[in-house]
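Shown next: start26.cif, given as mmCIF, C-alpha atoms.
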data_work
#
loop_
_atom_site.label_atom_id
_atom_site.label_comp_id
_atom_site.auth_asym_id
_atom_site.auth_seq_id
_atom_site.Cartn_x
_atom_site.Cartn_y
_atom_site.Cartn_z
CA MET S 1 -31.97 -11.18 38.39
CA ALA S 2 -29.09 -10.77 35.91
CA ALA S 3 -27.43 -7.40 35.68
CA ARG S 4 -27.67 -5.43 32.45
CA VAL S 5 -24.43 -5.26 30.48
CA SER S 6 -23.35 -1.68 29.74
CA LYS S 7 -21.42 -0.87 26.56
CA LYS S 8 -19.76 2.29 25.27
CA THR S 9 -17.91 2.56 21.92
CA SER S 10 -15.48 5.32 20.99
CA LYS S 11 -16.41 7.57 18.05
CA ASN S 12 -13.58 6.08 15.95
CA GLY S 13 -15.08 2.61 16.47
CA GLY S 14 -11.79 1.14 17.65
CA LEU S 15 -12.58 0.83 21.36
CA SER S 16 -15.63 -0.78 22.99
CA LEU S 17 -15.94 -0.81 26.78
CA PHE S 18 -18.13 -3.47 28.45
CA LEU S 19 -19.13 -3.53 32.14
CA TRP S 20 -21.23 -6.18 33.87
CA LYS S 21 -22.90 -3.59 36.10
CA ARG S 22 -22.48 0.02 37.19
CA ASP S 23 -23.29 -0.11 40.91
CA PHE S 24 -20.50 -1.43 43.15
CA VAL S 25 -21.20 -2.03 46.84
CA ASP S 26 -19.03 -0.64 49.64
CA SER S 27 -19.41 -2.90 52.70
CA VAL S 28 -17.12 -0.64 54.83
CA ASP S 29 -14.37 -3.30 55.11
CA LYS S 30 -14.30 -4.16 51.38
CA VAL S 31 -15.57 -2.93 48.01
CA GLU S 32 -16.70 -4.99 45.03
CA SER S 33 -14.12 -5.19 42.24
CA VAL S 34 -14.78 -3.45 38.92
CA GLU S 35 -14.51 -6.14 36.23
CA GLY S 36 -14.85 -5.36 32.55
CA VAL S 37 -13.75 -6.13 29.02
CA ILE S 38 -12.43 -3.96 26.18
CA LYS S 39 -12.89 -5.03 22.55
CA LEU S 40 -10.35 -3.60 20.11
CA ASP S 41 -10.24 -2.91 16.40
CA PRO S 42 -6.54 -1.96 16.06
CA LYS S 43 -6.41 -1.22 12.31
CA ASP S 44 -6.15 2.56 12.90
CA PHE S 45 -4.12 2.51 16.10
CA GLY S 46 -0.75 3.06 14.42
CA GLY S 47 1.89 2.91 17.13
CA ARG S 48 -0.47 4.05 19.87
CA LYS S 49 -1.29 2.05 22.98
CA VAL S 50 -4.62 1.34 24.68
CA PHE S 51 -5.08 2.19 28.35
CA VAL S 52 -7.98 1.84 30.76
CA GLN S 53 -8.30 3.85 33.95
CA LEU S 54 -10.62 4.14 36.92
CA ALA S 55 -10.80 7.59 38.49
CA CYS S 56 -12.55 8.95 41.56
CA ALA S 57 -13.00 12.71 41.36
CA PHE S 58 -14.66 15.54 43.21
CA ARG S 59 -16.49 17.98 40.94
CA TYR S 60 -17.45 21.33 42.44
CA GLY S 61 -18.42 23.16 39.27
CA HIS S 62 -20.01 22.34 35.92
CA GLU S 63 -17.93 21.58 32.83
CA ASP S 64 -19.13 24.74 31.10
CA LEU S 65 -17.42 26.76 33.87
CA ASP S 66 -14.01 25.24 33.11
CA VAL S 67 -12.52 28.34 31.49
CA MET S 68 -9.08 29.92 31.18
CA GLY S 69 -7.44 26.66 32.24
CA LEU S 70 -9.28 26.62 35.59
CA SER S 71 -10.74 23.18 36.25
CA PHE S 72 -13.54 22.58 38.72
CA ARG S 73 -12.66 18.86 38.98
CA LYS S 74 -10.09 17.39 41.37
CA ASP S 75 -8.94 13.77 41.14
CA ILE S 76 -9.07 12.02 44.51
CA TRP S 77 -7.69 8.69 43.24
CA LEU S 78 -6.72 7.26 39.86
CA LYS S 79 -5.41 3.91 38.65
CA GLN S 80 -4.32 3.18 35.09
CA LEU S 81 -3.64 -0.10 33.25
CA GLN S 82 -2.16 -0.82 29.80
CA ILE S 83 -4.43 -3.12 27.77
CA TYR S 84 -2.73 -3.10 24.33
CA PRO S 85 -0.07 -4.17 23.61
CA GLU S 86 -1.09 -6.57 26.35
CA SER S 87 0.41 -5.80 29.74
CA HIS S 88 -2.36 -6.17 32.33
CA LYS S 89 -3.41 -9.85 32.63
CA PRO S 90 -5.97 -10.39 35.39
CA THR S 91 -7.30 -13.78 36.43
CA VAL S 92 -10.23 -14.40 34.10
CA SER S 93 -13.42 -14.60 36.17
CA PRO S 94 -16.89 -15.95 35.26
CA ILE S 95 -17.97 -12.32 34.74
CA HIS S 96 -15.12 -11.82 32.27
CA ASP S 97 -16.22 -14.97 30.40
CA ILE S 98 -19.77 -13.64 30.05
CA LEU S 99 -18.59 -10.23 28.87
CA MET S 100 -16.14 -11.71 26.34
CA LYS S 101 -18.93 -13.83 24.86
CA LYS S 102 -21.09 -10.71 24.67
CA ALA S 103 -18.31 -8.69 23.00
CA GLY S 104 -17.12 -11.44 20.65
CA ALA S 105 -14.09 -13.67 20.95
CA ASP S 106 -11.60 -11.67 18.84
CA ASN S 107 -9.43 -8.91 20.32
CA THR S 108 -11.17 -8.83 23.72
CA HIS S 109 -9.11 -7.90 26.77
CA PRO S 110 -10.34 -8.32 30.36
CA PHE S 111 -9.42 -5.92 33.15
CA CYS S 112 -10.04 -5.62 36.88
CA PHE S 113 -9.80 -2.72 39.34
CA ASP S 114 -9.84 -3.04 43.12
CA ILE S 115 -11.34 0.07 44.74
CA PRO S 116 -9.64 1.05 48.03
CA ILE S 117 -11.92 1.13 51.08
CA ASN S 118 -10.80 4.66 52.00
CA LEU S 119 -12.47 6.30 49.01
CA PRO S 120 -15.79 8.15 49.27
CA CYS S 121 -19.07 6.79 47.93
CA SER S 122 -20.76 8.37 44.92
CA VAL S 123 -22.71 11.49 45.86
CA SER S 124 -24.12 14.16 43.57
CA LEU S 125 -25.92 17.40 44.32
CA GLN S 126 -29.26 17.66 42.53
CA PRO S 127 -28.89 20.27 39.75
CA GLY S 128 -31.28 23.10 39.07
CA ALA S 129 -33.61 23.21 36.08
CA GLY S 130 -31.18 25.26 33.98
CA ASP S 131 -27.97 23.43 34.93
CA LYS S 132 -26.18 21.45 32.22
CA GLY S 133 -23.33 18.95 32.23
CA LYS S 134 -22.22 16.68 35.04
CA ALA S 135 -23.59 17.39 38.49
CA CYS S 136 -21.40 18.60 41.34
CA GLY S 137 -20.29 15.85 43.68
CA VAL S 138 -18.10 12.73 43.90
CA ASP S 139 -18.10 10.44 40.87
CA PHE S 140 -16.28 7.35 39.55
CA GLU S 141 -15.48 6.88 35.87
CA VAL S 142 -14.05 3.99 33.85
CA LYS S 143 -12.31 5.29 30.72
CA THR S 144 -10.43 3.53 27.92
CA TYR S 145 -8.42 5.57 25.42
CA LEU S 146 -5.66 5.62 22.81
CA ALA S 147 -2.38 7.37 23.62
CA ASN S 148 1.31 7.20 22.81
CA GLU S 149 2.35 7.33 26.46
CA ALA S 150 0.64 6.53 29.75
CA ASP S 151 1.35 9.80 31.57
CA ASN S 152 2.27 12.50 29.10
CA ALA S 153 0.57 15.72 30.16
CA ASP S 154 1.52 17.37 26.84
CA GLU S 155 -0.18 14.72 24.71
CA LYS S 156 -3.63 15.76 23.55
CA ILE S 157 -6.07 12.85 23.37
CA SER S 158 -8.86 13.23 20.85
CA LYS S 159 -12.45 12.70 22.08
CA LYS S 160 -13.00 10.22 19.25
CA ASP S 161 -10.31 7.98 20.76
CA VAL S 162 -12.06 7.66 24.13
CA ALA S 163 -14.88 5.51 25.53
CA ARG S 164 -16.09 6.11 29.08
CA LEU S 165 -18.78 4.96 31.52
CA LEU S 166 -19.72 6.43 34.87
CA ILE S 167 -20.14 3.94 37.72
CA ARG S 168 -21.34 4.30 41.31
CA LYS S 169 -19.80 3.21 44.59
CA ILE S 170 -22.79 2.79 46.88
CA GLN S 171 -22.97 2.43 50.64
CA PHE S 172 -24.03 -0.92 52.07
CA ALA S 173 -26.04 -0.78 55.29
CA PRO S 174 -24.24 -2.23 58.34
CA ASP S 175 -25.03 -5.89 59.08
CA GLN S 176 -26.08 -5.14 62.64
CA VAL S 177 -28.77 -2.57 63.33
CA GLY S 178 -28.31 -0.74 66.63
CA ALA S 179 -30.76 0.69 69.10
CA GLY S 180 -32.61 3.76 67.99
CA PRO S 181 -31.99 7.25 69.39
CA THR S 182 -34.10 8.93 72.07
CA ALA S 183 -34.45 12.60 72.98
CA GLU S 184 -36.62 14.58 75.34
CA ILE S 185 -37.37 18.19 76.18
CA CYS S 186 -39.33 20.02 78.86
CA LYS S 187 -40.85 23.38 77.96
CA GLY S 188 -42.45 25.88 80.29
CA PHE S 189 -44.63 28.94 79.56
CA LEU S 190 -44.95 32.32 81.22
CA THR S 191 -48.74 31.93 81.34
CA SER S 192 -48.69 28.45 82.85
CA ASP S 193 -47.02 27.32 86.04
CA LYS S 194 -46.39 23.78 84.77
CA PRO S 195 -44.55 22.51 81.67
CA VAL S 196 -45.15 20.22 78.71
CA ARG S 197 -42.79 17.25 78.47
CA LEU S 198 -42.02 15.68 75.09
CA GLU S 199 -40.11 12.44 74.50
CA ALA S 200 -39.45 10.94 71.05
CA SER S 201 -37.69 7.70 70.20
CA MET S 202 -37.11 5.19 67.39
CA THR S 203 -36.68 1.43 67.60
CA LYS S 204 -33.50 1.30 65.43
CA ASN S 205 -30.78 3.54 64.04
CA VAL S 206 -30.74 2.43 60.37
CA PHE S 207 -33.52 2.80 57.82
CA PHE S 208 -33.52 1.79 54.15
CA HIS S 209 -34.61 3.87 51.17
CA GLY S 210 -38.40 3.99 50.93
CA GLU S 211 -38.88 2.53 54.41
CA ALA S 212 -41.32 4.24 56.77
CA ILE S 213 -39.66 5.78 59.83
CA PRO S 214 -41.82 5.26 62.93
CA VAL S 215 -41.31 7.84 65.66
CA HIS S 216 -42.72 6.99 69.08
CA ILE S 217 -44.10 10.11 70.76
CA LYS S 218 -44.80 10.54 74.48
CA ILE S 219 -46.34 13.78 75.76
CA ASN S 220 -47.07 14.71 79.34
CA ASN S 221 -48.98 17.98 79.18
CA GLU S 222 -49.02 19.32 82.75
CA SER S 223 -49.71 22.87 81.54
CA SER S 224 -52.99 24.71 81.03
CA LYS S 225 -52.41 24.85 77.26
CA THR S 226 -53.64 22.50 74.51
CA VAL S 227 -51.31 20.86 72.00
CA LYS S 228 -53.08 21.34 68.65
CA SER S 229 -50.89 19.19 66.38
CA ILE S 230 -47.59 17.30 66.05
CA LYS S 231 -45.18 17.97 63.21
CA ILE S 232 -42.36 15.57 62.23
CA THR S 233 -39.62 16.73 59.88
CA VAL S 234 -36.64 14.86 58.38
CA GLU S 235 -33.69 17.05 57.38
CA GLN S 236 -30.67 16.16 55.27
CA THR S 237 -27.36 17.90 55.91
CA ALA S 238 -24.59 17.77 53.29
CA ASP S 239 -21.19 19.04 54.45
CA ILE S 240 -18.74 19.80 51.62
CA VAL S 241 -15.43 18.92 53.28
CA LEU S 242 -12.99 18.69 50.35
CA TYR S 243 -11.38 21.87 48.90
CA VAL S 244 -14.28 24.05 50.03
CA ALA S 245 -16.23 24.22 53.30
CA ASN S 246 -19.97 24.60 52.81
CA ARG S 247 -23.02 23.12 54.52
CA TYR S 248 -26.42 22.58 52.91
CA THR S 249 -29.47 21.60 54.98
CA LYS S 250 -32.63 20.55 53.16
CA THR S 251 -35.98 19.32 54.45
CA VAL S 252 -36.66 16.01 52.69
CA CYS S 253 -39.95 15.17 54.41
CA SER S 254 -42.36 17.03 56.66
CA LYS S 255 -45.78 15.94 57.90
CA GLU S 256 -48.21 17.47 60.37
CA PHE S 257 -50.50 15.17 62.35
CA GLY S 258 -53.79 16.45 63.74
CA GLU S 259 -53.31 14.86 67.13
CA THR S 260 -54.44 17.00 70.07
CA VAL S 261 -53.37 16.77 73.68
CA ASP S 262 -55.64 18.58 76.14
CA ALA S 263 -54.35 20.45 79.16
CA THR S 264 -53.33 18.26 82.12
CA SER S 265 -53.43 15.07 80.04
CA THR S 266 -51.01 12.60 78.43
CA PHE S 267 -50.51 11.22 74.94
CA GLU S 268 -48.55 8.24 73.57
CA LYS S 269 -48.54 7.07 69.95
CA THR S 270 -46.22 5.99 67.12
CA LEU S 271 -46.37 8.23 64.04
CA SER S 272 -44.64 7.38 60.76
CA ILE S 273 -43.00 9.45 58.05
CA THR S 274 -41.37 8.30 54.77
CA PRO S 275 -38.74 10.46 52.99
CA THR S 276 -38.50 9.79 49.24
CA LEU S 277 -36.68 11.44 46.36
CA SER S 278 -39.91 11.56 44.33
CA GLU S 279 -41.19 14.26 46.71
CA ASN S 280 -37.99 16.30 46.34
CA LYS S 281 -37.33 16.43 42.59
CA GLU S 282 -37.29 20.24 42.48
CA LYS S 283 -34.88 20.88 45.36
CA THR S 284 -31.58 22.15 43.98
CA GLY S 285 -28.52 21.05 45.95
CA LEU S 286 -30.08 17.97 47.55
CA ALA S 287 -27.50 15.18 48.02
CA LEU S 288 -28.24 12.04 45.99
CA ASP S 289 -26.62 8.59 45.74
CA GLY S 290 -24.88 9.60 42.50
CA ARG S 291 -26.78 9.69 39.21
CA LEU S 292 -26.11 7.73 36.04
CA LYS S 293 -27.43 9.01 32.72
CA ASP S 294 -31.12 8.19 32.17
CA GLU S 295 -31.30 6.29 35.45
CA ASP S 296 -33.04 7.27 38.66
CA THR S 297 -31.38 7.29 42.05
CA ASN S 298 -32.14 7.79 45.75
CA LEU S 299 -31.54 10.28 48.49
CA ALA S 300 -27.88 10.01 49.47
CA SER S 301 -27.06 7.43 52.12
CA THR S 302 -25.64 8.53 55.44
CA SER S 303 -21.85 8.78 55.20
CA ILE S 304 -19.92 6.14 57.14
CA LEU S 305 -16.38 7.16 58.05
CA PRO S 306 -14.09 4.09 58.20
CA GLU S 307 -11.67 3.91 61.11
CA GLY S 308 -8.50 5.87 60.45
CA MET S 309 -9.91 7.72 57.44
CA GLU S 310 -9.78 11.52 57.26
CA LYS S 311 -13.25 13.00 56.76
CA GLU S 312 -11.91 15.30 54.03
CA MET S 313 -11.48 12.21 51.83
CA LEU S 314 -15.27 11.75 51.72
CA GLY S 315 -15.71 14.94 49.69
CA ILE S 316 -19.31 15.29 50.85
CA MET S 317 -20.50 14.06 54.27
CA VAL S 318 -24.24 13.34 54.46
CA SER S 319 -26.30 12.98 57.63
CA TYR S 320 -29.97 13.05 58.62
CA LYS S 321 -31.92 14.16 61.67
CA VAL S 322 -35.54 14.15 62.80
CA LYS S 323 -37.20 17.16 64.38
CA VAL S 324 -40.45 16.86 66.33
CA THR S 325 -42.47 20.04 66.87
CA LEU S 326 -45.57 20.45 69.02
CA VAL S 327 -47.89 23.27 67.98
CA VAL S 328 -49.48 24.71 71.10
CA ALA S 329 -52.74 26.68 71.26
CA GLY S 330 -52.19 30.42 71.19
CA GLY S 331 -49.59 30.25 68.42
CA GLY S 332 -46.70 29.14 70.61
CA LEU S 333 -44.19 26.54 69.50
CA LEU S 334 -42.74 23.80 71.63
CA SER S 335 -39.32 22.60 70.45
CA GLY S 336 -39.54 24.76 67.35
CA LEU S 337 -36.07 25.88 68.44
CA THR S 338 -34.98 22.43 69.54
CA ALA S 339 -32.48 22.15 72.34
CA ARG S 340 -32.01 18.52 71.38
CA GLU S 341 -32.65 16.78 68.10
CA ILE S 342 -33.43 13.15 67.35
CA LEU S 343 -30.86 11.75 64.96
CA LEU S 344 -31.28 8.87 62.54
CA GLU S 345 -29.46 7.25 59.65
CA ILE S 346 -30.92 6.33 56.29
CA GLU S 347 -28.93 3.67 54.44
CA LYS S 348 -28.94 2.12 50.99
CA LYS S 349 -30.66 -1.26 50.76
CA ASN S 350 -28.21 -4.07 50.35
CA THR S 351 -28.13 -6.08 47.15
CA GLU S 352 -29.52 -9.26 48.69
CA GLN S 353 -32.62 -7.41 49.90
CA GLU S 354 -33.16 -5.80 46.51
CA ALA S 355 -32.79 -9.18 44.77
CA GLU S 356 -35.43 -10.70 47.04
CA GLU S 357 -37.84 -7.87 46.19
CA GLU S 358 -37.30 -8.30 42.44
CA LYS S 359 -38.11 -12.03 42.41
#

Written as structure tokens, how would this file's structure read?
Amino acid sequence: MAARVSKKTSKNGGLSLFLWKRDFVDSVDKVESVEGVIKLDPKDFGGRKVFVQLACAFRYGHEDLDVMGLSFRKDIWLKQLQIYPESHKPTVSPIHDILMKKAGADNTHPFCFDIPINLPCSVSLQPGAGDKGKACGVDFEVKTYLANEADNADEKISKKDVARLLIRKIQFAPDQVGAGPTAEICKGFLTSDKPVRLEASMTKNVFFHGEAIPVHIKINNESSKTVKSIKITVEQTADIVLYVANRYTKTVCSKEFGETVDATSTFEKTLSITPTLSENKEKTGLALDGRLKDEDTNLASTSILPEGMEKEMLGIMVSYKVKVTLVVAGGGLLSGLTAREILLEIEKKNTEQEAEEEK
């Protein structure tokens, strides 16, 4: 399925930015290049030049809080190219050819950015109902603008001389899926001389967005108590590791199963749970896979830290874990305060899988 071309034109009409797509896949060892085209109408440029830049930034406050010269945005990485008068001349790719035909043959200039592998993926924290402006998190932005000089901090660039589009760097699931995690716990009671043993496991360690997560449960109830139900919960933890140090833990899915296990008996069954963003729309601060205007997104993918990369560079580190709770007759809880937790990863579907589903 062909990607939808995105276009943004500056308010002065002199700059039009074209991108083939806005999601760029990070495969851990490489990242897709950002290819685009800028169409110019230079009649009102005067002696000014045209630049295009790709910036990765960490935003930890809304734009309306940027007061008294205090900015709540920190650039992690930025690359800038001069487009006019022509300086940057990339190899023209088939994508450039398509975009130049879409933009029109006259005054079109291709550009290409290579995103380093040591940059974080796009993550945004879900805003509250009354929040305005860009969400907190890590974002990528392609911006073209008119200026006299490339790096003059004293030069004020008018908003009408700028065209910009947000893009996303999204995590690609690893090619090889590993064995799933296993955890067990043994819990005794003052009123029973024998314990209840719980073991939970999963068949793999990577799950895609929207995929059911089967949890295999084994219970050996040697006690005199009855297990009344089994509760499975998936929690998301977002660690803010750049500039500030905060941790947010949110329950993204919780389901209670009416399975009973009588005293001095055993139980073995696979129970499934499916975390989705649609069930978490009202949870402020939930980590998402970045959000483009008027487009939906997913729960944030688990952060993968490349070898040799400092975790602070990720901005926000996202992880998931599963908690299994047995509700025991008499109001007691088994593993409500878990000594061990079952961990899992939830990863973004890769583009080939999505393409197969769309056919």

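From CA of Leu78 (chain S) back to CA of Lys102 (chain S), the distance works out to 27.6 Å.
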
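Comparing S:Ile217, S:Thr274, S:Ala179, S:Leu19 by their smallest distance to Lys255 (chain S), the closest is S:Thr274 (using only C-alpha atoms).
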
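Between Ile167 (chain S) and the residues S:Leu198, S:Met313, S:Val34, S:Leu286, the shortest atom-to-atom distance, using all atoms listed in the file, involves S:Val34.
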
List the neighbours of region 219-229 of chain S out to 6 Å using all atoms listed in the file; skip same-chain residues closer than 5 positions along the sequence, and give me the result as a CSV table (one decimal) with C-alpha atoms, keeping the file's coordinate frame.
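Generated file (selection32.csv):
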chain,number,residue,atom,x,y,z
S,192,SER,CA,-48.7,28.4,82.8
S,194,LYS,CA,-46.4,23.8,84.8
S,195,PRO,CA,-44.6,22.5,81.7
S,196,VAL,CA,-45.2,20.2,78.7
S,197,ARG,CA,-42.8,17.2,78.5
S,198,LEU,CA,-42.0,15.7,75.1
S,257,PHE,CA,-50.5,15.2,62.4
S,258,GLY,CA,-53.8,16.4,63.7
S,259,GLU,CA,-53.3,14.9,67.1
S,260,THR,CA,-54.4,17.0,70.1
S,261,VAL,CA,-53.4,16.8,73.7
S,262,ASP,CA,-55.6,18.6,76.1
S,263,ALA,CA,-54.4,20.4,79.2
S,264,THR,CA,-53.3,18.3,82.1
S,265,SER,CA,-53.4,15.1,80.0
S,266,THR,CA,-51.0,12.6,78.4
S,267,PHE,CA,-50.5,11.2,74.9
S,327,VAL,CA,-47.9,23.3,68.0
S,328,VAL,CA,-49.5,24.7,71.1
S,329,ALA,CA,-52.7,26.7,71.3

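Interatomic distance, CA of Leu277 (chain S) to CA of Val252 (chain S): 7.8 Å.
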
Decode the PyMOL selection byres ((chain S and resi 315) around 7) for the given file into explicit residues and return them as a list of chain:residue names.
S:Phe58, S:Pro120, S:Val138, S:Ile240, S:Val241, S:Leu242, S:Glu312, S:Met313, S:Leu314, S:Ile316, S:Met317

With distances taken over only C-alpha atoms, the candidate from S:Asn152, S:Ser303, S:Gln53, S:Ser201 nearest Ala287 (chain S) is S:Ser303

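Closest approach to Lys30 (chain S) among S:Arg247, S:Asp114, S:Val318, S:Lys218 is made by S:Asp114 (distances from all atoms listed in the file).
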
Atom-to-atom span, CA of Asp139 (chain S) and CA of Asp97 (chain S), Å
27.5 Å

Just so the selection is clear, what residues does the PyMOL selection byres ((chain S and resi 282) around 12) cover here, as number ranges by chain?
S: 125-130, 250, 252, 277-281, 283-286

Save region 164-212 of chain S of the structure in the block above to a file, with C-alpha atoms included, as an mmCIF file, in the first residue's frame.
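Heads up, here's the output in decode37.cif:
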data_model
loop_
_atom_site.group_PDB
_atom_site.id
_atom_site.type_symbol
_atom_site.label_atom_id
_atom_site.label_comp_id
_atom_site.auth_asym_id
_atom_site.auth_seq_id
_atom_site.Cartn_x
_atom_site.Cartn_y
_atom_site.Cartn_z
ATOM 1 C CA ARG S 164 7.374 22.180 9.579
ATOM 2 C CA LEU S 165 6.189 18.573 9.919
ATOM 3 C CA LEU S 166 6.515 16.251 12.888
ATOM 4 C CA ILE S 167 7.743 12.736 12.116
ATOM 5 C CA ARG S 168 8.119 9.606 14.239
ATOM 6 C CA LYS S 169 11.055 7.280 14.781
ATOM 7 C CA ILE S 170 9.419 3.990 15.715
ATOM 8 C CA GLN S 171 10.896 0.853 17.225
ATOM 9 C CA PHE S 172 11.106 -2.260 15.062
ATOM 10 C CA ALA S 173 10.648 -5.563 16.875
ATOM 11 C CA PRO S 174 13.770 -7.769 16.964
ATOM 12 C CA ASP S 175 13.989 -10.368 14.185
ATOM 13 C CA GLN S 176 14.419 -13.220 16.626
ATOM 14 C CA VAL S 177 11.883 -13.780 19.379
ATOM 15 C CA GLY S 178 13.366 -15.270 22.532
ATOM 16 C CA ALA S 179 11.982 -17.612 25.135
ATOM 17 C CA GLY S 180 9.345 -16.172 27.397
ATOM 18 C CA PRO S 181 9.904 -15.373 31.083
ATOM 19 C CA THR S 182 8.866 -17.602 33.974
ATOM 20 C CA ALA S 183 8.324 -16.781 37.645
ATOM 21 C CA GLU S 184 7.044 -18.653 40.657
ATOM 22 C CA ILE S 185 6.126 -17.981 44.257
ATOM 23 C CA CYS S 186 5.187 -20.078 47.270
ATOM 24 C CA LYS S 187 2.894 -18.530 49.868
ATOM 25 C CA GLY S 188 2.027 -19.884 53.284
ATOM 26 C CA PHE S 189 -0.737 -18.904 55.737
ATOM 27 C CA LEU S 190 -0.893 -18.762 59.514
ATOM 28 C CA THR S 191 -4.156 -20.729 59.472
ATOM 29 C CA SER S 192 -2.894 -23.466 57.158
ATOM 30 C CA ASP S 193 0.122 -25.687 57.616
ATOM 31 C CA LYS S 194 0.741 -26.053 53.872
ATOM 32 C CA PRO S 195 1.295 -23.429 51.140
ATOM 33 C CA VAL S 196 -0.098 -22.466 47.749
ATOM 34 C CA ARG S 197 2.401 -22.599 44.889
ATOM 35 C CA LEU S 198 1.934 -20.377 41.837
ATOM 36 C CA GLU S 199 3.937 -20.550 38.597
ATOM 37 C CA ALA S 200 3.326 -18.291 35.582
ATOM 38 C CA SER S 201 5.086 -18.334 32.225
ATOM 39 C CA MET S 202 4.843 -17.073 28.644
ATOM 40 C CA THR S 203 5.942 -18.757 25.436
ATOM 41 C CA LYS S 204 7.889 -15.740 24.065
ATOM 42 C CA ASN S 205 9.360 -12.423 25.173
ATOM 43 C CA VAL S 206 8.046 -10.094 22.430
ATOM 44 C CA PHE S 207 4.427 -9.207 21.702
ATOM 45 C CA PHE S 208 3.059 -6.859 19.042
ATOM 46 C CA HIS S 209 0.493 -4.096 19.481
ATOM 47 C CA GLY S 210 -3.010 -5.550 19.714
ATOM 48 C CA GLU S 211 -1.739 -9.112 20.152
ATOM 49 C CA ALA S 212 -3.210 -11.229 22.941
#
